[in-house]
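Asks: Input structure: start_12.txt, which contains compact mmCIF, C-alpha atoms.
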```
# COMPACT_ATOMS: atom_id res chain seq x y z
CA MET A 254 -10.56 -13.25 21.97
CA ALA A 255 -10.82 -9.55 21.17
CA ARG A 256 -9.66 -7.20 23.89
CA SER A 257 -12.39 -5.01 25.37
CA PRO A 258 -12.29 -1.21 25.00
CA PHE A 259 -11.65 -0.95 28.72
CA THR A 260 -8.59 -3.21 28.48
CA LEU A 261 -7.27 -1.07 25.66
CA ALA A 262 -8.07 2.12 27.60
CA ALA A 263 -5.75 0.91 30.35
CA SER A 264 -2.91 1.05 27.81
CA VAL A 265 -3.54 4.77 27.41
CA SER A 266 -2.64 5.35 31.04
CA SER A 267 0.64 3.49 30.49
CA ALA A 268 1.46 5.29 27.25
CA LEU A 269 0.41 8.73 28.52
CA PRO A 270 1.31 9.07 32.19
CA GLY A 271 -1.02 11.47 33.93
CA ALA A 272 -3.80 11.17 31.35
CA ALA A 273 -7.22 10.58 32.90
CA VAL A 274 -9.52 8.29 30.94
CA VAL A 275 -13.23 9.05 31.28
CA GLY A 276 -14.69 6.90 28.50
CA ALA A 277 -13.96 4.14 26.02
CA ALA A 278 -15.84 2.69 23.08
CA GLU A 279 -15.14 0.07 20.45
CA LEU A 280 -13.71 1.40 17.19
CA THR A 281 -14.14 -0.67 14.04
CA GLU A 282 -11.27 0.08 11.66
CA GLY A 283 -11.95 -2.38 8.85
CA SER A 284 -8.51 -3.93 9.23
CA ASP A 285 -9.48 -7.59 8.74
CA SER A 286 -9.64 -8.11 12.53
CA ARG A 287 -5.87 -7.78 12.73
CA TYR A 288 -6.08 -5.08 15.39
CA ASP A 289 -8.16 -4.44 18.45
CA SER A 290 -9.05 -0.75 18.53
CA ALA A 291 -10.85 1.60 20.87
CA LEU A 292 -11.83 5.26 20.88
CA VAL A 293 -10.88 6.68 24.26
CA THR A 294 -12.04 10.00 25.73
CA LEU A 295 -9.74 11.83 28.13
CA ALA A 296 -10.73 14.15 30.95
CA ASP A 297 -9.73 17.22 28.95
CA GLY A 298 -12.18 16.21 26.21
CA LYS A 299 -9.51 14.99 23.83
CA ARG A 300 -10.28 11.79 21.92
CA VAL A 301 -7.51 9.33 21.15
CA VAL A 302 -7.33 5.97 19.42
CA VAL A 303 -5.53 2.99 20.89
CA ARG A 304 -4.65 0.09 18.61
CA ALA A 305 -3.22 -3.27 19.62
CA PRO A 306 -2.22 -6.06 17.18
CA VAL A 307 -3.62 -9.57 17.48
CA ASP A 308 -0.54 -11.39 16.16
CA ALA A 309 3.15 -10.94 15.42
CA ASP A 310 2.57 -10.04 11.78
CA ALA A 311 0.21 -7.21 12.70
CA ASP A 312 2.64 -6.13 15.42
CA ARG A 313 5.44 -5.68 12.88
CA GLU A 314 3.09 -3.65 10.71
CA LEU A 315 2.11 -1.42 13.59
CA VAL A 316 5.75 -0.82 14.54
CA ALA A 317 6.45 0.10 10.90
CA ASP A 318 3.52 2.51 11.03
CA THR A 319 4.92 4.28 14.09
CA ARG A 320 8.32 4.53 12.42
CA ALA A 321 6.74 6.15 9.36
CA LEU A 322 4.71 8.57 11.47
CA ARG A 323 7.92 9.69 13.15
CA ALA A 324 9.24 10.61 9.69
CA LEU A 325 6.28 12.95 9.22
CA THR A 326 7.73 15.97 10.98
CA PRO A 327 5.72 19.23 11.16
CA GLY A 328 7.27 20.52 7.95
CA VAL A 329 6.46 17.34 6.06
CA ARG A 330 2.90 17.36 7.37
CA GLY A 331 2.64 20.95 6.19
CA LEU A 332 3.18 19.73 2.62
CA LEU A 333 0.06 17.58 2.81
CA PRO A 334 -3.49 18.93 2.46
CA PHE A 335 -4.82 16.32 4.88
CA ALA A 336 -3.98 15.04 8.34
CA ALA A 337 -1.87 12.09 9.42
CA PRO A 338 -2.34 10.64 12.91
CA THR A 339 -0.11 12.19 15.56
CA LEU A 340 1.70 9.53 17.53
CA LEU A 341 1.20 10.20 21.24
CA GLY A 342 2.75 7.19 22.91
CA THR A 343 3.16 3.43 23.05
CA ALA A 344 2.79 0.69 25.63
CA ARG A 345 3.37 -3.05 25.83
CA LEU A 346 0.25 -5.19 25.89
CA ASP A 347 0.34 -9.00 25.88
CA GLY A 348 3.84 -8.91 24.45
CA PHE A 349 2.85 -6.62 21.57
CA THR A 350 3.09 -2.89 20.91
CA ALA A 351 -0.07 -0.91 21.62
CA VAL A 352 -0.10 2.52 19.99
CA VAL A 353 -1.96 5.63 21.08
CA GLN A 354 -2.69 8.25 18.42
CA GLU A 355 -4.83 11.32 18.03
CA PHE A 356 -8.25 10.56 16.58
CA VAL A 357 -8.72 11.61 12.93
CA PRO A 358 -12.47 12.03 12.30
CA GLY A 359 -14.22 11.34 9.02
CA TYR A 360 -15.86 8.58 7.04
CA ARG A 361 -14.42 6.00 4.69
CA VAL A 362 -15.40 4.49 1.36
CA ASP A 363 -14.43 1.05 0.04
CA ALA A 364 -12.99 0.87 -3.46
CA ALA A 365 -16.03 -0.93 -4.87
CA HIS A 366 -18.33 1.86 -3.68
CA ILE A 367 -16.42 4.82 -5.14
CA PRO A 368 -18.60 6.48 -7.79
CA ALA A 369 -17.40 8.19 -10.93
CA GLY A 370 -17.24 11.97 -11.01
CA ARG A 371 -15.49 14.83 -9.28
CA GLY A 372 -16.19 13.61 -5.78
CA VAL A 373 -14.54 10.85 -3.79
CA ALA A 374 -12.61 9.60 -6.82
CA TRP A 375 -11.20 13.02 -7.60
CA SER A 376 -10.20 13.71 -4.01
CA LEU A 377 -8.49 10.33 -3.62
CA GLY A 378 -6.50 10.76 -6.82
CA ALA A 379 -5.31 14.20 -5.74
CA ALA A 380 -4.44 13.00 -2.22
CA ILE A 381 -2.31 10.12 -3.50
CA ALA A 382 -0.52 12.48 -5.88
CA ARG A 383 0.37 14.80 -3.00
CA VAL A 384 1.99 11.92 -1.10
CA HIS A 385 3.94 10.99 -4.22
CA GLY A 386 5.13 14.59 -4.46
CA LEU A 387 6.96 14.49 -1.12
CA PRO A 388 10.78 14.70 -1.31
CA HIS A 389 12.57 11.35 -1.34
CA ALA A 390 14.51 12.59 1.68
CA VAL A 391 11.42 12.08 3.83
CA ALA A 392 11.88 8.32 3.47
CA ARG A 393 15.65 8.32 3.07
CA ASP A 394 16.37 10.28 6.25
CA ALA A 395 14.13 7.95 8.26
CA GLY A 396 15.86 4.83 6.96
CA LEU A 397 12.73 3.61 5.19
CA ARG A 398 12.75 1.29 2.21
CA ILE A 399 14.14 2.79 -1.02
CA ARG A 400 13.65 0.96 -4.33
CA THR A 401 14.64 1.89 -7.87
CA SER A 402 12.55 1.04 -10.90
CA ALA A 403 14.91 -1.87 -11.54
CA ASP A 404 14.34 -3.13 -7.98
CA VAL A 405 10.58 -2.94 -8.47
CA ARG A 406 10.79 -4.96 -11.67
CA VAL A 407 12.96 -7.61 -10.03
CA ASP A 408 10.49 -7.93 -7.14
CA ALA A 409 7.66 -8.56 -9.61
CA GLU A 410 9.74 -11.13 -11.48
CA ARG A 411 10.51 -12.98 -8.24
CA LEU A 412 6.85 -13.09 -7.33
CA LEU A 413 5.97 -14.55 -10.73
CA ASP A 414 8.75 -17.14 -10.30
CA ARG A 415 7.27 -18.18 -6.96
CA ALA A 416 3.81 -18.54 -8.45
CA GLU A 417 5.08 -20.46 -11.48
CA ALA A 418 7.01 -22.83 -9.21
CA THR A 419 3.71 -24.06 -7.73
CA GLY A 420 2.79 -25.64 -11.05
CA SER A 421 -0.77 -24.33 -10.62
CA LEU A 422 -0.56 -21.01 -12.44
CA PRO A 423 -2.74 -20.91 -15.59
CA PHE A 424 -0.55 -20.70 -18.68
CA GLY A 425 -2.51 -17.77 -20.06
CA LEU A 426 -1.69 -15.64 -17.02
CA LEU A 427 1.93 -16.78 -17.03
CA ARG A 428 2.28 -15.65 -20.63
CA ARG A 429 0.41 -12.40 -19.99
CA TRP A 430 2.53 -11.45 -16.98
CA SER A 431 5.82 -12.61 -18.50
CA THR A 432 5.12 -10.44 -21.53
CA ALA A 433 4.49 -7.45 -19.27
CA LEU A 434 7.65 -8.06 -17.26
CA GLY A 435 9.65 -8.28 -20.46
CA ALA A 436 8.31 -5.02 -21.90
CA ASP A 437 10.94 -2.40 -21.13
CA ARG A 438 8.56 0.47 -21.80
CA LEU A 439 6.41 -0.64 -18.88
CA TRP A 440 9.26 -0.07 -16.43
CA ARG A 441 10.46 3.37 -17.52
CA PHE A 442 9.19 5.45 -14.64
CA GLU A 443 10.39 7.84 -11.97
CA THR A 444 10.22 6.47 -8.46
CA THR A 445 8.36 8.54 -5.89
CA VAL A 446 7.54 8.46 -2.22
CA THR A 447 4.77 5.87 -1.98
CA LEU A 448 2.55 4.23 0.62
CA GLY A 449 3.45 0.71 -0.47
CA GLY A 450 0.06 -0.16 -1.93
CA VAL A 451 -2.47 1.85 0.08
CA ASP A 452 -6.12 0.82 0.20
CA PRO A 453 -8.60 3.69 -0.35
CA SER A 454 -10.51 2.71 2.80
CA ARG A 455 -7.55 3.94 4.83
CA PHE A 456 -8.32 7.52 3.79
CA VAL A 457 -10.95 9.43 5.76
CA LEU A 458 -13.19 11.96 4.08
CA THR A 459 -15.33 14.88 5.17
CA ASP A 460 -18.16 16.55 3.27
CA THR A 461 -17.22 20.13 2.40
CA ALA A 462 -18.59 22.83 0.12
CA ALA A 463 -16.44 21.33 -2.62
CA GLY A 464 -17.88 17.85 -2.03
CA PRO A 465 -16.32 14.77 -0.41
CA THR A 466 -12.76 15.70 0.51
CA VAL A 467 -9.90 13.61 1.88
CA THR A 468 -9.07 15.02 5.31
CA GLY A 469 -6.91 12.24 6.72
CA LEU A 470 -4.86 9.13 5.98
CA LEU A 471 -4.58 6.46 8.66
CA ALA A 472 -2.13 3.88 7.24
CA TRP A 473 1.52 4.85 6.75
CA ASN A 474 3.29 1.56 7.45
CA GLY A 475 4.36 1.05 3.83
CA LEU A 476 5.95 4.50 3.45
CA GLY A 477 9.09 4.45 1.32
CA VAL A 478 10.28 5.12 -2.21
CA GLY A 479 9.05 2.94 -5.05
CA ASP A 480 6.62 2.68 -7.94
CA PRO A 481 3.69 5.13 -7.77
CA ALA A 482 1.55 2.55 -9.61
CA GLU A 483 1.52 0.37 -6.49
CA ASP A 484 -0.69 2.90 -4.74
CA LEU A 485 -3.17 2.73 -7.62
CA ARG A 486 -3.55 -1.03 -7.95
CA TRP A 487 -6.88 -0.82 -6.10
CA LEU A 488 -8.38 0.78 -9.22
CA ALA A 489 -9.01 -2.74 -10.52
CA SER A 490 -11.77 -2.93 -7.90
CA ALA A 491 -13.16 0.51 -8.78
CA PRO A 492 -13.54 0.50 -12.59
CA ASN A 493 -16.20 3.21 -12.59
CA ALA A 494 -13.91 5.65 -10.78
CA ARG A 495 -10.69 4.70 -12.57
CA ASP A 496 -10.56 7.48 -15.16
CA ASP A 497 -11.49 10.21 -12.67
CA VAL A 498 -8.88 9.04 -10.17
CA LEU A 499 -6.17 9.00 -12.83
CA GLU A 500 -7.19 12.40 -14.19
CA ALA A 501 -7.15 13.95 -10.71
CA TYR A 502 -3.82 12.28 -9.99
CA ALA A 503 -2.25 13.69 -13.16
CA GLU A 504 -3.57 17.19 -12.43
CA ALA A 505 -2.28 17.24 -8.83
CA ALA A 506 1.05 15.47 -9.43
CA HIS A 507 4.30 17.43 -9.25
CA HIS A 508 5.72 15.21 -11.98
CA THR A 509 4.30 13.97 -15.25
CA PRO A 510 2.87 10.47 -14.72
CA ASP A 511 4.44 7.92 -17.05
CA ALA A 512 2.33 6.52 -19.87
CA ALA A 513 2.35 2.99 -18.43
CA LEU A 514 1.20 3.96 -14.92
CA ALA A 515 -2.31 2.50 -15.29
CA SER A 516 -1.01 -0.69 -16.92
CA ARG A 517 1.43 -1.37 -14.08
CA ALA A 518 -1.28 -0.66 -11.52
CA ARG A 519 -3.45 -3.28 -13.21
CA LEU A 520 -0.53 -5.73 -13.31
CA TYR A 521 0.08 -5.33 -9.57
CA ALA A 522 -3.60 -5.96 -8.86
CA GLU A 523 -3.49 -9.20 -10.83
CA LEU A 524 -0.24 -10.31 -9.21
CA GLU A 525 -1.90 -10.17 -5.79
CA PHE A 526 -3.68 -13.39 -6.75
CA ALA A 527 -0.33 -14.91 -7.68
CA ARG A 528 0.96 -13.88 -4.25
CA TRP A 529 -1.98 -15.65 -2.63
CA LEU A 530 -1.21 -18.84 -4.59
CA ALA A 531 2.48 -18.75 -3.68
CA HIS A 532 1.66 -18.12 -0.02
CA GLY A 533 -0.69 -21.09 0.16
CA HIS A 534 1.78 -23.38 -1.55
CA GLU A 535 4.73 -22.31 0.60
CA THR A 536 2.80 -22.75 3.86
CA GLY A 537 1.26 -26.05 2.82
CA ALA A 538 -2.28 -24.71 3.18
CA ALA A 539 -4.26 -26.84 0.74
CA ARG A 540 -7.46 -24.82 1.04
CA VAL A 541 -5.60 -21.61 0.26
CA VAL A 542 -4.07 -23.18 -2.85
CA GLU A 543 -7.42 -24.54 -3.98
CA ASP A 544 -9.07 -21.18 -3.53
CA ALA A 545 -6.23 -19.33 -5.26
CA VAL A 546 -6.36 -21.66 -8.25
CA ALA A 547 -10.11 -21.05 -8.61
CA LEU A 548 -9.57 -17.29 -8.46
CA LEU A 549 -6.72 -17.40 -10.97
CA THR A 550 -8.73 -19.58 -13.34
CA ALA A 551 -11.58 -17.08 -13.26
CA LEU A 552 -9.14 -14.22 -13.78
CA ASP A 553 -7.53 -16.02 -16.71
CA GLU A 554 -10.90 -16.44 -18.37
CA GLY A 555 -11.82 -12.81 -17.74
CA VAL A 556 -8.68 -11.20 -19.18
CA ARG A 557 -7.79 -13.74 -21.87
CA ASP A 558 -8.66 -11.42 -24.76
CA GLU A 559 -7.78 -8.15 -23.03
CA PRO A 560 -4.31 -6.63 -23.56
CA LEU A 561 -2.56 -5.57 -20.38
CA LEU A 562 -0.56 -2.87 -22.13
CA GLU A 563 -3.15 -0.37 -23.23
CA ASP A 564 -1.26 1.48 -25.97
CA GLU A 565 0.16 -0.33 -28.94
CA HIS A 566 3.86 -0.02 -29.74
CA SER A 567 5.04 1.64 -32.87
CA SER A 568 7.45 -0.38 -35.00
CA VAL A 569 10.18 2.15 -34.15
CA ASP A 570 9.65 1.64 -30.42
CA ASP A 571 9.73 -2.13 -30.89
CA ALA A 572 13.01 -1.88 -32.76
CA LEU A 573 14.55 0.34 -30.10
CA GLU A 574 13.61 -2.11 -27.35
CA ILE A 575 15.17 -4.98 -29.27
CA LEU A 576 18.39 -2.99 -29.66
CA GLU A 577 18.41 -2.15 -25.94
CA ARG A 578 18.05 -5.81 -25.05
CA THR A 579 20.93 -6.76 -27.41
CA PRO A 580 23.93 -4.60 -26.50
CA ALA A 581 27.21 -5.00 -28.39
CA THR A 582 29.04 -5.70 -25.13
CA ALA A 583 27.83 -6.96 -21.81
CA THR A 584 26.84 -4.17 -19.45
CA ALA A 585 25.53 -4.09 -15.91
CA ALA A 586 21.80 -3.77 -15.35
CA ARG A 587 20.80 -0.16 -15.14
CA ASP A 588 17.89 1.75 -13.68
CA THR A 589 16.03 3.69 -16.37
CA SER A 590 14.30 6.03 -13.94
CA MET A 591 15.52 9.52 -13.13
CA GLN A 592 17.45 9.43 -9.90
CA THR A 593 16.05 12.71 -8.68
CA ASP A 594 13.37 13.68 -6.23
CA THR A 595 10.03 14.56 -7.82
CA TYR A 596 9.05 17.77 -6.06
CA ASP A 597 8.91 21.47 -6.78
CA PRO A 598 11.17 24.13 -5.20
CA ALA A 599 8.44 25.34 -2.83
CA LEU A 600 8.01 21.87 -1.36
CA LEU A 601 11.75 21.45 -0.94
CA ALA A 602 12.08 24.82 0.76
CA ALA A 603 9.37 23.91 3.27
CA TYR A 604 10.99 20.59 3.96
CA LEU A 605 14.44 22.09 4.49
CA ALA A 606 13.00 24.74 6.79
CA ASP A 607 11.47 21.99 8.85
CA GLN A 608 14.80 20.20 9.11
CA GLU A 609 16.31 23.32 10.67
CA THR A 610 13.53 24.32 13.04
CA ALA A 611 11.57 21.25 14.12
CA GLU A 612 13.14 19.61 17.15
CA GLN A 613 11.04 16.46 17.08
CA ALA A 614 8.29 18.27 19.00
CA ASP A 615 5.66 15.94 17.66
CA ILE A 616 7.27 12.64 18.60
CA GLU A 617 7.80 12.83 22.34
CA THR A 618 6.68 9.29 22.85
CA ILE A 619 7.74 6.34 24.86
CA PRO A 620 10.66 4.60 23.09
CA ILE A 621 9.59 1.85 20.73
CA ASP A 622 11.41 -1.45 20.56
CA LEU A 623 12.39 -1.80 16.89
CA SER A 624 14.32 -5.04 17.29
CA ASP A 625 11.72 -6.98 15.32
CA TRP A 626 11.32 -4.35 12.61
CA THR A 627 12.56 -5.09 9.11
CA PRO A 628 13.12 -2.61 6.27
CA ASP A 629 10.25 -4.18 4.36
CA GLY A 630 7.89 -3.15 7.12
CA GLY A 631 4.49 -4.46 6.23
CA SER A 632 1.70 -3.77 3.83
CA SER A 633 -1.45 -1.73 4.11
CA ASP A 634 -4.36 -2.51 6.31
CA HIS A 635 -7.56 -3.91 4.87
CA ARG A 636 -6.15 -5.73 1.85
CA PRO A 637 -8.23 -8.53 0.34
CA ALA A 638 -6.38 -11.75 -0.39
CA ASN A 639 -2.97 -10.26 0.28
CA PRO A 640 -0.73 -12.69 2.21
CA PRO A 641 2.66 -11.70 3.67
CA ALA A 642 5.36 -10.37 1.36
CA PRO A 643 8.08 -12.86 0.30
CA ASP A 644 10.54 -11.89 3.02
CA GLU A 645 8.03 -11.77 5.87
CA PRO A 646 7.78 -14.85 8.10
CA ALA A 647 5.22 -17.18 6.56
CA LEU A 648 2.21 -18.36 8.53
CA SER A 649 2.11 -21.96 9.61
CA SER A 650 -0.25 -24.26 7.76
CA ASP A 651 -2.71 -24.20 10.64
CA GLU A 652 -2.62 -20.40 10.87
CA ALA A 653 -3.11 -20.04 7.15
CA GLU A 654 -6.04 -22.46 7.21
CA ASP A 655 -7.62 -20.50 10.08
CA ARG A 656 -7.25 -17.22 8.20
CA ASP A 657 -8.28 -18.63 4.86
CA PRO A 658 -12.07 -18.07 4.94
CA GLU A 659 -11.77 -14.36 5.68
CA HIS A 660 -9.10 -13.66 3.07
CA ALA A 661 -10.62 -15.94 0.48
CA GLU A 662 -14.04 -14.31 0.76
CA SER A 663 -12.47 -10.86 0.37
CA ALA A 664 -10.59 -12.08 -2.69
CA ARG A 665 -13.69 -13.64 -4.20
CA ASN A 666 -15.68 -10.46 -3.70
CA ALA A 667 -12.94 -8.35 -5.27
CA LEU A 668 -12.68 -10.64 -8.26
CA ARG A 669 -16.46 -10.80 -8.71
CA ARG A 670 -16.59 -6.99 -8.78
CA TRP A 671 -13.68 -6.93 -11.19
CA ALA A 672 -15.00 -9.64 -13.50
CA GLY A 673 -18.41 -8.01 -13.58
CA ASN A 674 -16.90 -4.88 -15.08
CA ASP A 675 -14.45 -6.41 -17.53
```
Show the structure stored in the file as structure tokens.

Replies:
Amino acid sequence: MARSPFTLAASVSSALPGAAVVGAAELTEGSDSRYDSALVTLADGKRVVVRAPVDADADRELVADTRALRALTPGVRGLLPFAAPTLLGTARLDGFTAVVQEFVPGYRVDAAHIPAGRGVAWSLGAAIARVHGLPHAVARDAGLRIRTSADVRVDAERLLDRAEATGSLPFGLLRRWSTALGADRLWRFETTVTLGGVDPSRFVLTDTAAGPTVTGLLAWNGLGVGDPAEDLRWLASAPNARDDVLEAYAEAAHHTPDAALASRARLYAELEFARWLAHGHETGAARVVEDAVALLTALDEGVRDEPLLEDEHSSVDDALEILERTPATATAARDTSMQTDTYDPALLAAYLADQETAEQADIETIPIDLSDWTPDGGSSDHRPANPPAPDEPALSSDEAEDRDPEHAESARNALRRWAGND
């Protein structure tokens, strides 16, 4: 049963000793009912948000979110043109971590409702690029997950292996994805700070003279270093806005986006259905498997004649790849990305200044128990048909069956929108 706003408001008093609560209202966050949330008004007029997870999986994600927010020191926040929630305090509620944050006002737009043009799409593309332009040290110094391009490729290969092991993956998709994973040119990219696959509905926007503008980002639990394409996989559900998002991203980026960025983003979107299949099979949830097979079959039919890699290879490029895959002597696997941070000198100077002057003034919170936290953290809120990552504890069969209708319907809707625009 969902906790009432008044129950959640009581957590504010525990997290913020001395704070006087004068009002509380329900806050719908669009997080697949994985959190109970309330908007609480304090006696001084300040509005805060309290969020409490409904299960252990959501609790781990919320703890990862607080860890990431702690990494966003004043200097780091100064590099971003939009707000991130300020962590005010935490409390224990029903054995879970309840988090109190400052309220970030604005409205949100689902991926399927983002129109083309220099509006929401343009602002989202620019906002994501600014996150990707942060120094790697932001994640490294906080002990967050760091992956090379080789690591990213291996993770995708392992996911495909899990899906193939079910025996239910359509051969056309297996061939399509295997070809992509074997194409070296797809994996030549510079890693950046990423959000781990953010959903656009986690950004908040405000109407300004320039049009809809991103003024806040609510989900930071996936913060780390990885493939920038992961934060653009949602473009598969927003085909009308795709080109504008990518154009805005390229214009605002502090590095030159690699040529295969859009292709990898599309690949990650498709692999989410493979993740759903593997999850259902590994938890023994027959209905999940049945639903995943239906979705994958429809996807296979929709992309059968569509190349995943948008640009054709030249014969010279093909020959070079063959030579790279056939060395004269055995060598260790190597990362083809540049092992440098992707930021400009001005950003670095601001970050270093923050390291010298900020004394953690923004994170005077009640200590958080991180004993259950893992480096993988969790994934973004509000993700259709996106079961736990491979190294997260799997749901039991009963739990998966209970969750299935909600996730399956989200997946079906996403695929219908996608298929309708292929």

Asks: Please provide as a PDB file with C-alpha atoms, keeping the file's coordinate frame all residues within 10 Å of A:Trp430, with the sequence filter that same-chain residues fewer than 5 positions apart are discarded (counting all atoms listed in the file).

Replies:
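What ended up in around17.pdb:
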```pdb
ATOM      1  CA  ALA A 409       7.660  -8.560  -9.610  1.00  0.00           C
ATOM      2  CA  GLU A 410       9.740 -11.130 -11.480  1.00  0.00           C
ATOM      3  CA  LEU A 413       5.970 -14.550 -10.730  1.00  0.00           C
ATOM      4  CA  PHE A 424      -0.550 -20.700 -18.680  1.00  0.00           C
ATOM      5  CA  GLY A 425      -2.510 -17.770 -20.060  1.00  0.00           C
ATOM      6  CA  GLY A 435       9.650  -8.280 -20.460  1.00  0.00           C
ATOM      7  CA  ALA A 436       8.310  -5.020 -21.900  1.00  0.00           C
ATOM      8  CA  LEU A 520      -0.530  -5.730 -13.310  1.00  0.00           C
ATOM      9  CA  TYR A 521       0.080  -5.330  -9.570  1.00  0.00           C
ATOM     10  CA  GLU A 523      -3.490  -9.200 -10.830  1.00  0.00           C
ATOM     11  CA  LEU A 524      -0.240 -10.310  -9.210  1.00  0.00           C
ATOM     12  CA  LEU A 561      -2.560  -5.570 -20.380  1.00  0.00           C
TER      13      LEU A 561
END
```

Asks: What is the distance, in Å and to one decimal place, between atom CA of A:Arg540 and atom CA of A:Glu525?

Replies: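 Separating atom CA of A:Arg540 from atom CA of A:Glu525 is a distance of 17.1 Å.
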
Asks: So the first atom is atom CA of A:Arg287 and the second is atom CA of A:Asp460; what is the distance between them in Å, to one decimal place?

Replies: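 Taking atom CA of A:Arg287 as the start and atom CA of A:Asp460 as the end point, the length is 28.9 Å.
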
Asks: Using only C-alpha atoms, which of A:Asp558, A:Asp308, A:Asp544, A:Asp363 sits nearest A:Arg429?

Replies: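 Nearest to A:Arg429: A:Asp558.
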
Asks: Using only C-alpha atoms, what table do you get, as CSV, when you list each residue of stretch 407-501 of chain A with an atom no more than 10 Å from stretch 338-359 of chain A, its nearest pair of atoms, and their distance in Å rounded to one decimal, rows by chain then rising number?

Replies:
```
residue,atom,partner,partner_atom,distance
A:Phe456,CA,A:Gly359,CA,8.8
A:Val457,CA,A:Gly359,CA,5.0
A:Leu458,CA,A:Gly359,CA,5.1
A:Thr459,CA,A:Gly359,CA,5.3
A:Asp460,CA,A:Gly359,CA,8.7
A:Thr466,CA,A:Gly359,CA,9.7
A:Val467,CA,A:Gly359,CA,8.6
A:Thr468,CA,A:Gly359,CA,7.3
A:Gly469,CA,A:Val357,CA,6.5
A:Leu470,CA,A:Pro338,CA,7.5
A:Leu471,CA,A:Pro338,CA,6.4
A:Ala472,CA,A:Pro338,CA,8.8
A:Trp473,CA,A:Pro338,CA,9.3
```

Asks: Pick out the closest residue to A:His532 from this set: A:Gly396, A:Val329, A:Arg415, A:Thr447. Count only C-alpha atoms.

Replies: A:Arg415

Asks: Taking 3 positions as the minimum chain separation for residues in the same chain, which residues sit within 8 Å of stretch 292-302 of chain A when counting all atoms listed in the file? Answer as a PyMOL selection string.

Replies: chain A and resi 258+262+272-280+353-356

Asks: Rounded to one decimal place, report the atom CA of A:Val498-atom CA of A:Ala374 distance in Å.

Replies: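 That distance, rounded to one decimal, is 5.0 Å.
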
Asks: Between A:Thr536, A:Ser257, A:Thr445, A:Ser264, which has the minimum distance to A:Pro388 (counting all atoms listed in the file)?

Replies: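 Closest to A:Pro388, using all atoms listed in the file: A:Thr445.
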
Asks: List every residue of stretch 409-471 of chain A that has an atom at most 12 Å from any atom of stretch 479-483 of chain A, giving for each one its closest atom pair and the distance in Å to one decimal, counting all atoms listed in the file, sorted by chain and then by ascending residue number, as CSV.

Replies:
```
residue,atom,partner,partner_atom,distance
A:Ala409,CA,A:Glu483,CA,11.3
A:Leu439,CA,A:Ala482,CA,10.9
A:Trp440,CA,A:Asp480,CA,9.3
A:Arg441,CA,A:Asp480,CA,10.3
A:Phe442,CA,A:Asp480,CA,7.7
A:Glu443,CA,A:Asp480,CA,7.6
A:Thr444,CA,A:Gly479,CA,5.0
A:Thr445,CA,A:Gly479,CA,5.7
A:Val446,CA,A:Gly479,CA,6.4
A:Thr447,CA,A:Pro481,CA,5.9
A:Leu448,CA,A:Glu483,CA,8.2
A:Gly449,CA,A:Glu483,CA,6.3
A:Gly450,CA,A:Glu483,CA,4.8
A:Val451,CA,A:Glu483,CA,7.8
A:Asp452,CA,A:Glu483,CA,10.2
```

Asks: Counting all atoms listed in the file, find residues at most 12 Å from (-9.5, 7.8, -16.0) (file frame) and give them as a PyMOL selection string.

Replies: chain A and resi 369-371+374-375+378+485+488-489+491-504+514-515
